[in-house]
file final-v5.tsv (TSV, C-alpha atoms and all ligand atoms)
chain	number	residue	atom	x	y	z
A	1	MET	CA	68.94	207.05	-81.21
A	2	SER	CA	67.81	210.63	-81.69
A	3	THR	CA	69.30	213.22	-79.36
A	4	LYS	CA	66.69	215.80	-80.25
A	5	LEU	CA	64.91	216.95	-77.13
A	6	ILE	CA	61.22	216.11	-76.86
A	7	VAL	CA	59.31	217.77	-74.04
A	8	ALA	CA	55.94	216.04	-73.61
A	9	ILE	CA	53.38	217.99	-71.63
A	10	ASP	CA	50.09	216.30	-70.82
A	11	GLY	CA	47.25	217.04	-68.46
A	12	PRO	CA	43.57	217.90	-68.16
A	13	ALA	CA	41.90	220.94	-69.72
A	14	ALA	CA	42.84	224.44	-68.53
A	15	ALA	CA	45.67	223.25	-66.27
A	16	GLY	CA	48.07	225.78	-67.81
A	17	LYS	CA	49.74	223.38	-70.27
A	18	GLY	CA	49.60	225.68	-73.26
A	19	THR	CA	51.01	228.77	-71.55
A	20	LEU	CA	53.78	226.71	-70.00
A	21	ALA	CA	54.57	224.75	-73.16
A	22	ARG	CA	54.80	227.87	-75.32
A	23	ARG	CA	57.13	229.54	-72.85
A	24	LEU	CA	59.32	226.45	-72.48
A	25	ALA	CA	59.58	226.15	-76.26
A	26	GLY	CA	60.80	229.75	-76.44
A	27	ALA	CA	63.31	229.24	-73.64
A	28	LEU	CA	64.62	225.98	-75.10
A	29	GLY	CA	64.63	227.20	-78.71
A	30	LEU	CA	62.32	224.39	-79.80
A	31	PRO	CA	59.23	224.35	-82.05
A	32	TYR	CA	55.92	224.12	-80.20
A	33	LEU	CA	52.85	222.09	-81.14
A	34	ASP	CA	49.50	222.46	-79.38
A	35	THR	CA	48.13	219.04	-80.32
A	36	GLY	CA	44.66	219.92	-79.02
A	37	LEU	CA	44.36	222.17	-82.07
A	38	LEU	CA	44.42	219.10	-84.32
A	39	TYR	CA	41.36	217.67	-82.58
A	40	ARG	CA	39.70	221.08	-82.39
A	41	ALA	CA	40.23	221.73	-86.11
A	42	THR	CA	38.90	218.27	-86.95
A	43	ALA	CA	35.82	218.94	-84.82
A	44	ARG	CA	35.34	222.37	-86.41
A	45	ARG	CA	35.35	220.83	-89.88
A	46	VAL	CA	32.80	218.21	-88.81
A	47	LEU	CA	30.53	220.87	-87.29
A	48	ASP	CA	30.86	223.11	-90.35
A	49	ALA	CA	29.78	220.21	-92.54
A	50	ALA	CA	26.76	219.68	-90.23
A	51	GLY	CA	28.18	216.27	-89.42
A	52	ASP	CA	28.08	214.26	-86.19
A	53	PRO	CA	31.33	214.43	-84.16
A	54	ALA	CA	30.64	210.88	-82.98
A	55	ASP	CA	30.55	209.53	-86.56
A	56	PRO	CA	33.89	207.72	-86.98
A	57	VAL	CA	33.90	207.71	-90.79
A	58	ALA	CA	33.19	211.42	-91.22
A	59	ALA	CA	35.50	212.46	-88.37
A	60	GLU	CA	38.42	210.42	-89.66
A	61	ALA	CA	37.94	211.81	-93.18
A	62	HIS	CA	38.06	215.36	-91.78
A	63	ALA	CA	41.15	214.52	-89.69
A	64	ARG	CA	42.93	213.22	-92.81
A	65	ALA	CA	41.91	216.31	-94.79
A	66	LEU	CA	43.21	218.89	-92.26
A	67	THR	CA	45.20	221.76	-93.75
A	68	PRO	CA	47.49	224.29	-92.03
A	69	ASP	CA	44.75	226.91	-92.54
A	70	ASP	CA	42.34	224.80	-90.46
A	71	LEU	CA	44.71	225.14	-87.51
A	72	GLU	CA	44.83	228.93	-87.86
A	73	ARG	CA	41.09	229.49	-87.52
A	74	ALA	CA	39.94	231.93	-84.85
A	75	ASP	CA	36.88	229.89	-83.87
A	76	LEU	CA	38.53	226.76	-82.47
A	77	ARG	CA	38.14	227.64	-78.79
A	78	THR	CA	34.42	227.85	-78.26
A	79	PRO	CA	32.43	225.69	-75.83
A	80	ALA	CA	30.79	223.86	-78.79
A	81	VAL	CA	34.17	222.99	-80.25
A	82	ASP	CA	35.42	221.91	-76.77
A	83	GLN	CA	32.74	219.25	-76.65
A	84	ALA	CA	33.00	218.17	-80.27
A	85	ALA	CA	36.81	217.92	-80.00
A	86	ALA	CA	36.55	215.56	-77.03
A	87	SER	CA	34.09	213.50	-79.07
A	88	VAL	CA	36.24	213.15	-82.21
A	89	ALA	CA	39.29	212.55	-79.99
A	90	SER	CA	37.72	209.38	-78.60
A	91	LEU	CA	37.68	207.81	-82.09
A	92	PRO	CA	40.69	205.53	-82.79
A	93	GLY	CA	40.60	206.32	-86.53
A	94	VAL	CA	40.93	210.05	-85.83
A	95	ARG	CA	43.84	209.49	-83.45
A	96	ALA	CA	45.57	207.22	-85.98
A	97	ALA	CA	45.10	209.84	-88.70
A	98	LEU	CA	46.80	212.51	-86.58
A	99	LEU	CA	49.63	210.42	-85.17
A	100	SER	CA	52.29	210.61	-87.85
A	101	PHE	CA	51.97	214.40	-88.21
A	102	GLN	CA	52.70	214.78	-84.48
A	103	ARG	CA	55.67	212.39	-84.61
A	104	GLN	CA	57.16	214.03	-87.67
A	105	PHE	CA	56.76	217.46	-86.13
A	106	GLY	CA	58.79	216.40	-83.10
A	107	GLN	CA	61.35	214.29	-84.91
A	108	ALA	CA	62.44	217.06	-87.26
A	109	ARG	CA	64.16	219.31	-84.71
A	110	GLY	CA	62.90	218.17	-81.32
A	111	ALA	CA	59.87	219.97	-79.90
A	112	VAL	CA	57.64	220.84	-77.01
A	113	LEU	CA	54.22	219.26	-77.53
A	114	ASP	CA	51.22	219.52	-75.24
A	115	GLY	CA	48.12	217.34	-75.20
A	116	ARG	CA	46.72	214.29	-73.47
A	117	ASP	CA	48.76	211.36	-74.82
A	118	ILE	CA	52.13	212.84	-75.76
A	119	GLY	CA	54.12	211.04	-73.09
A	120	THR	CA	52.09	207.83	-73.27
A	121	VAL	CA	51.47	207.30	-77.01
A	122	ILE	CA	53.01	209.89	-79.33
A	123	PHE	CA	56.47	210.08	-77.74
A	124	PRO	CA	56.67	207.34	-75.09
A	125	ASP	CA	60.49	207.76	-75.09
A	126	ALA	CA	60.41	211.54	-74.59
A	127	ARG	CA	63.28	212.69	-72.41
A	128	VAL	CA	61.09	215.13	-70.50
A	129	LYS	CA	57.51	214.29	-69.52
A	130	LEU	CA	55.45	216.66	-67.43
A	131	PHE	CA	51.90	216.01	-66.32
A	132	VAL	CA	50.46	219.43	-65.58
A	133	THR	CA	47.35	219.45	-63.45
A	134	ALA	CA	45.34	221.65	-61.04
A	135	SER	CA	42.13	221.43	-59.02
A	136	VAL	CA	38.86	221.56	-60.96
A	137	ALA	CA	37.97	224.84	-59.20
A	138	ALA	CA	41.25	226.50	-60.21
A	139	ARG	CA	41.02	225.26	-63.79
A	140	ALA	CA	37.38	226.29	-64.17
A	141	GLU	CA	38.09	229.78	-62.88
A	142	ARG	CA	40.99	230.22	-65.29
A	143	ARG	CA	38.94	229.01	-68.26
A	144	TRP	CA	35.97	231.16	-67.22
A	145	LYS	CA	38.15	234.29	-67.05
A	146	GLU	CA	39.73	233.44	-70.38
A	147	LEU	CA	36.31	233.03	-72.02
A	148	ALA	CA	35.03	236.26	-70.41
A	149	GLY	CA	38.13	238.06	-71.72
A	150	ARG	CA	37.16	236.94	-75.21
A	151	GLY	CA	33.59	238.15	-74.74
A	152	ILE	CA	32.10	234.66	-74.30
A	153	ALA	CA	29.68	235.04	-71.38
A	154	VAL	CA	28.99	231.72	-69.65
A	155	SER	CA	28.45	230.91	-65.98
A	156	LEU	CA	31.29	229.55	-63.86
A	157	GLN	CA	29.08	226.55	-63.10
A	158	SER	CA	28.64	225.66	-66.74
A	159	VAL	CA	32.39	226.01	-67.34
A	160	THR	CA	33.00	223.70	-64.35
A	161	ASP	CA	30.46	221.17	-65.63
A	162	ASP	CA	31.96	221.22	-69.14
A	163	LEU	CA	35.50	220.75	-67.83
A	164	GLU	CA	34.50	217.84	-65.62
A	165	GLU	CA	32.58	216.22	-68.45
A	166	ARG	CA	35.46	216.63	-70.89
A	167	ASP	CA	38.07	215.36	-68.40
A	168	ALA	CA	35.91	212.33	-67.64
A	169	ALA	CA	35.51	211.59	-71.36
A	170	ASP	CA	39.27	212.05	-72.00
A	171	ALA	CA	40.24	209.85	-69.03
A	172	SER	CA	37.73	207.06	-69.61
A	173	ARG	CA	38.01	206.57	-73.38
A	174	ALA	CA	39.63	203.37	-74.61
A	175	ALA	CA	41.86	205.10	-77.19
A	176	ALA	CA	44.84	206.88	-75.62
A	177	PRO	CA	43.11	207.90	-72.39
A	178	LEU	CA	44.32	210.89	-70.40
A	179	ARG	CA	46.69	209.63	-67.72
A	180	PRO	CA	50.18	210.48	-66.54
A	181	ALA	CA	52.95	208.36	-68.09
A	182	ALA	CA	54.63	206.18	-65.46
A	183	ASP	CA	57.78	208.29	-65.77
A	184	ALA	CA	56.09	211.71	-65.92
A	185	VAL	CA	56.80	214.35	-63.30
A	186	ILE	CA	53.56	215.74	-61.89
A	187	LEU	CA	53.34	219.53	-61.79
A	188	ASP	CA	50.32	220.77	-59.83
A	189	THR	CA	49.66	224.41	-60.74
A	190	THR	CA	46.65	224.93	-58.41
A	191	SER	CA	48.50	227.50	-56.32
A	192	LEU	CA	51.15	228.49	-58.85
A	193	GLY	CA	51.07	231.51	-61.12
A	194	ALA	CA	52.33	231.17	-64.69
A	195	ASP	CA	55.80	232.43	-63.74
A	196	GLN	CA	56.10	230.00	-60.85
A	197	ALA	CA	54.94	227.07	-62.98
A	198	PHE	CA	57.50	228.01	-65.62
A	199	GLN	CA	60.27	228.26	-63.03
A	200	ARG	CA	59.35	224.90	-61.53
A	201	ALA	CA	59.26	223.27	-64.98
A	202	CYS	CA	62.70	224.71	-65.80
A	203	GLU	CA	64.07	223.22	-62.57
A	204	ILE	CA	62.58	219.82	-63.44
A	205	ILE	CA	64.02	219.96	-66.96
A	206	ASP	CA	67.45	221.01	-65.70
A	207	ALA	CA	67.44	218.09	-63.27
A	208	ILE	CA	66.47	215.67	-66.05
A	209	LYS	CA	69.13	217.04	-68.39
A	210	LYS	CA	71.79	216.60	-65.68
A	211	SER	CA	70.72	213.03	-65.03
A	212	ALA	CA	71.28	210.23	-67.55
A	213	GLY	CA	67.74	208.87	-67.31
A	214	PRO	CA	64.33	210.04	-68.52
A	215	ALA	CA	63.14	211.58	-65.24
A	216	PRO	CA	64.57	212.06	-61.75
A	217	ARG	CA	62.06	209.92	-59.93
A	218	THR	CA	62.70	206.87	-62.14
A	219	ARG	CA	66.34	206.70	-61.05
B	1	LIG	O1	44.02	220.74	-75.17
B	1	LIG	P1	42.65	221.09	-75.69
B	1	LIG	O2	41.68	221.41	-74.61
B	1	LIG	O3	42.70	222.17	-76.72
B	1	LIG	O4	42.16	219.78	-76.43
B	1	LIG	C1	40.85	219.67	-76.92
B	1	LIG	C2	40.43	218.21	-76.84
B	1	LIG	O5	41.24	217.46	-77.74
B	1	LIG	C3	40.63	217.55	-75.47
B	1	LIG	O6	39.50	217.66	-74.63
B	1	LIG	C4	40.87	216.11	-75.84
B	1	LIG	O7	39.66	215.43	-75.97
B	1	LIG	C5	41.51	216.18	-77.20
B	1	LIG	N1	42.94	215.94	-77.19
B	1	LIG	C6	43.38	214.65	-77.17
B	1	LIG	N2	44.71	214.36	-77.26
B	1	LIG	C7	45.60	215.35	-77.36
B	1	LIG	C8	45.18	216.70	-77.35
B	1	LIG	C9	43.83	216.97	-77.26
B	1	LIG	O8	42.59	213.73	-77.06
B	1	LIG	N3	46.90	215.04	-77.47
call {"tool": "encode", "arguments": {"input": "final-v5.tsv", "output": "structure tokens"}}
result
Amino acid sequence: MSTKLIVAIDGPAAAGKGTLARRLAGALGLPYLDTGLLYRATARRVLDAAGDPADPVAAEAHARALTPDDLERADLRTPAVDQAAASVASLPGVRAALLSFQRQFGQARGAVLDGRDIGTVIFPDARVKLFVTASVAARAERRWKELAGRGIAVSLQSVTDDLEERDAADASRAAAPLRPAADAVILDTTSLGADQAFQRACEIIDAIKKSAGPAPRTR
């Protein structure tokens, strides 16, 4: 059995997963993978080829053809890519195409990975599983500020609508739906700043490391 530490961080959009995961990876000395980028880069390729993100054959072909450069692109976090990513992510062939890359990434040295199905599908035996969530209002405001900071002017209402639509699609799809793993610890960041969320996550991880089992509440 591998002793390499896997920290699986799942949750809905704009809950603070990425900020937290990156910081935890730094603190733990582990590589970090933002798995949403894989779906975003696949969607970007489909859009660039004037394809349909709901077309399973085209989307899977683009997922299999992803290169490291695709993940470095600066235009992966636009509202159009948000929607197209959720669309390609609902396709089982796309998910299958991206699975082994994610597993190999984590198995090499251990890792912190964030996404929607890390604790349920990619690493169901992960030692640490966090489900990071927050109210829709808090998440929408964070995303809206982030977009505004990047010069993308959209109304708070449209950001809220997009988030709700994407969460509903992620949670209701048949393939690897967004849901907390049974042994995940829920971390609600609605009223937590980034520092507080990080501190709380460190406490949870310390408690898990001290215990013999996968998570405190399962013992
Ligand atoms: O996390 P992020 O918002 O960048 O992810 C973009 C989209 O990719 C999500 O809305 C979701 O549909 C999909 N995704 C997924 N599984 C993951 C990561 C992301 O389905 N592990």
call {"tool": "residues_near_ligand", "arguments": {"input": "final-v5.tsv", "ligand": "ligand LIG 1 (chain B)", "cutoff": "6 Å", "atoms": "all atoms listed in the file", "output": "tab-separated table (two decimals) with C-alpha atoms, in the frame of the given file"}}
result
chain	number	residue	atom	x	y	z
A	13	ALA	CA	41.90	220.94	-69.72
A	35	THR	CA	48.13	219.04	-80.32
A	36	GLY	CA	44.66	219.92	-79.02
A	37	LEU	CA	44.36	222.17	-82.07
A	39	TYR	CA	41.36	217.67	-82.58
A	40	ARG	CA	39.70	221.08	-82.39
A	82	ASP	CA	35.42	221.91	-76.77
A	85	ALA	CA	36.81	217.92	-80.00
A	86	ALA	CA	36.55	215.56	-77.03
A	89	ALA	CA	39.29	212.55	-79.99
A	115	GLY	CA	48.12	217.34	-75.20
A	116	ARG	CA	46.72	214.29	-73.47
A	117	ASP	CA	48.76	211.36	-74.82
A	118	ILE	CA	52.13	212.84	-75.76
A	166	ARG	CA	35.46	216.63	-70.89
A	170	ASP	CA	39.27	212.05	-72.00
call {"tool": "atom_distance", "arguments": {"input": "final-v5.tsv", "atom1": "atom CA of Ser158 of chain A", "atom2": "atom CA of Ala138 of chain A"}}
result
14.2 Å
call {"tool": "closest_residue", "arguments": {"input": "final-v5.tsv", "among": "A:Arg77, A:Arg44, A:His62, A:Arg22", "to": "Leu147 of chain A", "atoms": "all atoms listed in the file"}}
result
A:Arg77
call {"tool": "closest_residue", "arguments": {"input": "final-v5.tsv", "among": "A:Ala8, A:Leu91, A:Ala201, A:Ala14", "to": "Ala134 of chain A", "atoms": "all atoms listed in the file"}}
result
A:Ala14
call {"tool": "closest_residue", "arguments": {"input": "final-v5.tsv", "among": "A:Asp48, A:Asp10, A:Glu203, A:Asp161", "to": "Ala140 of chain A", "atoms": "only C-alpha atoms"}}
result
A:Asp161
call {"tool": "atom_distance", "arguments": {"input": "final-v5.tsv", "atom1": "atom CA of Asp206 of chain A", "atom2": "atom CA of Asp183 of chain A"}}
result
16.0 Å
call {"tool": "residues_near_point", "arguments": {"input": "final-v5.tsv", "point": "(29.1, 216.3, -73.3)", "cutoff": "12 Å", "atoms": "only C-alpha atoms", "output": "list in words"}}
result
Pro53, Ala54, Pro79, Ala80, Val81, Asp82, Gln83, Ala84, Ala85, Ala86, Ser87, Val88, Ser158, Val159, Asp161, Asp162, Leu163, Glu164, Glu165, Arg166, Asp167, Ala168, Ala169 and Asp170 of chain A
call {"tool": "atom_distance", "arguments": {"input": "final-v5.tsv", "atom1": "atom CA of Thr133 of chain A", "atom2": "atom CA of Thr189 of chain A"}}
result
6.1 Å
call {"tool": "closest_residue", "arguments": {"input": "final-v5.tsv", "among": "A:Ile152, A:Val185, A:Leu33, A:Thr160", "to": "Gly18 of chain A", "atoms": "all atoms listed in the file"}}
result
A:Leu33
call {"tool": "closest_residue", "arguments": {"input": "final-v5.tsv", "among": "A:Ser155, A:Thr120, A:Gln107, A:Thr190", "to": "Ala15 of chain A", "atoms": "all atoms listed in the file"}}
result
A:Thr190
call {"tool": "closest_residue", "arguments": {"input": "final-v5.tsv", "among": "A:Lys17, A:Arg200, A:Lys4, A:Arg73", "to": "Leu38 of chain A", "atoms": "all atoms listed in the file"}}
result
A:Arg73
call {"tool": "residues_around", "arguments": {"input": "final-v5.tsv", "residues": "Pro31 of chain A", "least_positions_apart": "5", "cutoff": "12 Å", "atoms": "all atoms listed in the file", "output": "MDAnalysis selection string"}}
result
chainID A and resid 4:7 21:26 102 104:114
call {"tool": "residues_around", "arguments": {"input": "final-v5.tsv", "residues": "segment 55-61 of chain A", "least_positions_apart": "2", "cutoff": "8 Å", "atoms": "all atoms listed in the file", "output": "PDB file with C-alpha atoms, in the coordinates of the input"}}
result
ATOM      1  CA  THR A  42      38.900 218.270 -86.950  1.00  0.00           C
ATOM      2  CA  ALA A  43      35.820 218.940 -84.820  1.00  0.00           C
ATOM      3  CA  VAL A  46      32.800 218.210 -88.810  1.00  0.00           C
ATOM      4  CA  GLY A  51      28.180 216.270 -89.420  1.00  0.00           C
ATOM      5  CA  ASP A  52      28.080 214.260 -86.190  1.00  0.00           C
ATOM      6  CA  PRO A  53      31.330 214.430 -84.160  1.00  0.00           C
ATOM      7  CA  ALA A  63      41.150 214.520 -89.690  1.00  0.00           C
ATOM      8  CA  ARG A  64      42.930 213.220 -92.810  1.00  0.00           C
ATOM      9  CA  ALA A  65      41.910 216.310 -94.790  1.00  0.00           C
ATOM     10  CA  VAL A  88      36.240 213.150 -82.210  1.00  0.00           C
ATOM     11  CA  LEU A  91      37.680 207.810 -82.090  1.00  0.00           C
ATOM     12  CA  GLY A  93      40.600 206.320 -86.530  1.00  0.00           C
ATOM     13  CA  VAL A  94      40.930 210.050 -85.830  1.00  0.00           C
ATOM     14  CA  ALA A  97      45.100 209.840 -88.700  1.00  0.00           C
TER      15      ALA A  97
END
